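**Student:** Mind having a look at this structure? Questions to follow.
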Amino acid sequence: MGREKWSSTTGFILASIGSAVGIGNIWRFPYIVGSNGGGAFLIPYLISVFLFGLPLMVLEFAIGRRTGTSVVAAFQSIRKRFSVAGFAVVAIVSLILSYYLVITSWVLAYACFFTFGRPMEFGAFTDSYLPLAFFLLSGLAVFATVRSGVREGIEKVARYLIPILVVILLVLVAFSLTEPGAPDGIRFYLSPDYSTLADPAVWTAAFGQAFFSLSVGMGVMLTYGSYLEKGNLFRSASVIAVADMLIAILAGFMIFPLVFTAGLDPAAGVNLAFVTLPSVFTEIRFGMVLGALFFAMLFAAALTSAVSMLEVPVATVMDSYGYPRRRATLLVFAVIMLLGLPSALSYTALELDLFGIPFLDLSDYVFGTVGLIVAGLIMSIVGGWFMDRARICGEIGGCGWQQRVYMVLIRYCVPAVLLITLVGSFLRVAG
Ligand code: PHE
């Protein structure tokens, strides 16, 4: 049987937008902007997205389409011994998924709570064993999607959910902007504090957020590229990056006006989504409906991202071990759920921790921050330095000066930026 392919370039772009647009856009981006210099943060962020994130995305698409296979086999076809590096990338993305799924399950829980008009306090929720039930439920949703295949599962879900997500977001933004807290919220969100640009931590925050938000460096885009037949990779990647950024920026326009309208703390950081916003929704008019819409939208975003992460190990088991999709999905799903269990349990009555830090927070740092950068480094070095240049050029429209500039970015600039981000993430912990 031949390899499955996307039904069209649009299907491929929508699935990739589904991967890129996730919890990172709607929850993480606004609070990072709010706490890193407001509007001024957009400068390092734009630079990170277009100069470093986008080239890495194109590289992944190129490797995937050229080799026509997933991460491990693709790396192996570049150099035999690189399969180890491929496995490292697959392991990192699987571990990120294991805790991303826990957050996804909280989102699902809150979507249900608001739909039934009974929001639960986050403390009470995580003091019970209810999170485990939602962990299983959202895991099953991701499992069912990937099991149905590239066209019938991943692409179809994105085709439905991405347009719905955009419509809900626009409705929420329109509502937020008419609320009394809108001027203050927007001032907080966007009034630029240019002095922060002198702070290296702001730059590494921008780099990290850009790579995470674009889902690059982790083999997701490589795997999605392997189901692609034709089309201009730069064009597709630009559409994906712009859509990802617009959705992130719009999310801030809905969140901060509401937070200011309810008179709550906009700089609540990670508490923004599950502590601050639920209390916002219990205080403002139409709060229950808005809350249900917001968490349904966030669930759509998280689901399509989790699906893309699950596809990486599943495609690997299929391509490298010859498993059929259904069996590969079941096997990988079982492993991921077991890996995610400690993170899921860390926010239940059991409060599982390691060195006094909740397991989930630890995973977020070790895999989601450090691991993500390491995977990106592996990807840019294996692809940029060892893949035959002629093969890359063949995928990106020839070997003219534009492509030479591109190769410089991939070979020198992207790894350098990733190294700086890695050092920055260590300093943040030490500091
Ligand atoms: N880009 C997703 C988000 O913003 C997260 C993600 C990271 C998805 C890595 C796939 C791979 O939430």
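Please note that chains go A, B, ... in the order of the structure tokens, that every chain numbers its residues from 1, and that ligands are numbered from 1 in the order shown.
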Which residues, written as a list in words, have at least one atom at most 12 Å from Thr276 (chain A), with only C-alpha atoms counted and residues fewer than 2 positions away on the same chain left out?
**Tutor:**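 The contact residues come out as Trp27, Tyr31, Glu121, Phe122, Ile255, Phe256, Leu258, Val259, Phe260, Ala262, Gly263, Leu264, Asp265, Pro266, Ala267, Ala268, Gly269, Val270, Asn271, Leu272, Ala273, Phe274, Pro278, Ser279, Val280, Phe281, Thr282, Glu283 and Gly291 of chain A.
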**Student:** Within 10 Å of ligand 1, counting only C-alpha atoms and all ligand atoms, which protein or nucleic acid residues do you find, written as a count of residues only?
**Tutor:** 51
**Student:** Give the answer as one residue: which of A:Ala300, A:Ala375, A:Met318, A:Ile381 has the shortest atom-to-atom distance to Ser70 (chain A), using only C-alpha atoms?
**Tutor:** A:Met318
**Student:** For each of A:Val58, A:Val417, A:Leu14, A:Leu354, take the minimum atom-to-atom distance to Arg151 (chain A), counting only C-alpha atoms, then give the residue where this is smallest.
**Tutor:** A:Leu14
**Student:** Mind the document's chain letters and residue numbers, and return as a VMD selection string the residues of region 123-271 of chain A that DSSP labels alpha helix (DSSP H).
**Tutor:** chain A and resid 123 to 126 130 to 147 156 to 177 182 to 190 200 to 213 220 to 225 233 to 261
**Student:** Here is a test: counting only C-alpha atoms, which residue of A:Phe50, A:Thr126, A:Pro30, A:Arg327 is nearest to Ala241 (chain A)?
**Tutor:** A:Phe50
**Student:** Please determine, counting only C-alpha atoms, which residue among A:Tyr412, A:Tyr45, A:Phe114, A:Phe75 has the shortest atom-to-atom distance to Leu277 (chain A).
**Tutor:**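 Residue with the minimum atom-to-atom distance to Leu277 (chain A): A:Phe114.
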**Student:** Which residue, A:Gly398, A:Gly38, A:Gly153, A:Gly252, has the smallest gap to Leu170 (chain A) when you use only C-alpha atoms?
**Tutor:**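 Between A:Gly398, A:Gly38, A:Gly153, A:Gly252, the residue approaching Leu170 (chain A) most closely is A:Gly252.
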**Student:** Of the residues A:Phe294, A:Trp106, A:Tyr99, A:Tyr189, which is the one nearest to Pro131 (chain A), using only C-alpha atoms?
**Tutor:** A:Trp106
**Student:** Using only C-alpha atoms, I'd like a table of the residues in region 57-152 of chain A that come within 12 Å of region 322-325 of chain A; for each, show the closest atom pair and its distance in Å rounded to one decimal, ordered by chain and ascending number, as a tab-separated table.
**Tutor:**
```
residue	atom	partner	partner_atom	distance
A:Ala73	CA	A:Gly322	CA	11.6
A:Phe143	CA	A:Arg325	CA	11.2
A:Ala144	CA	A:Arg325	CA	11.5
A:Thr145	CA	A:Arg325	CA	11.6
A:Val146	CA	A:Arg325	CA	8.6
A:Arg147	CA	A:Arg325	CA	6.5
A:Ser148	CA	A:Arg325	CA	8.4
A:Gly149	CA	A:Arg325	CA	7.4
A:Val150	CA	A:Arg325	CA	10.0
```
**Student:** Go ahead and dump the residues you just picked, C-alpha atoms, as a PDB file, in the first residue's frame.
**Tutor:**
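Output below, filename again-v7.pdb:
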```pdb
ATOM      1  CA  ALA A  73      13.789   6.641   8.774  1.00  0.00           C
ATOM      2  CA  PHE A 143      -6.268   8.526  19.708  1.00  0.00           C
ATOM      3  CA  ALA A 144      -9.459   8.225  17.634  1.00  0.00           C
ATOM      4  CA  THR A 145      -8.366  11.041  15.321  1.00  0.00           C
ATOM      5  CA  VAL A 146      -4.905   9.665  14.595  1.00  0.00           C
ATOM      6  CA  ARG A 147      -6.223   6.137  14.247  1.00  0.00           C
ATOM      7  CA  SER A 148      -8.525   7.270  11.433  1.00  0.00           C
ATOM      8  CA  GLY A 149      -5.546   8.242   9.299  1.00  0.00           C
ATOM      9  CA  VAL A 150      -4.034  11.270   7.606  1.00  0.00           C
TER      10      VAL A 150
END
```
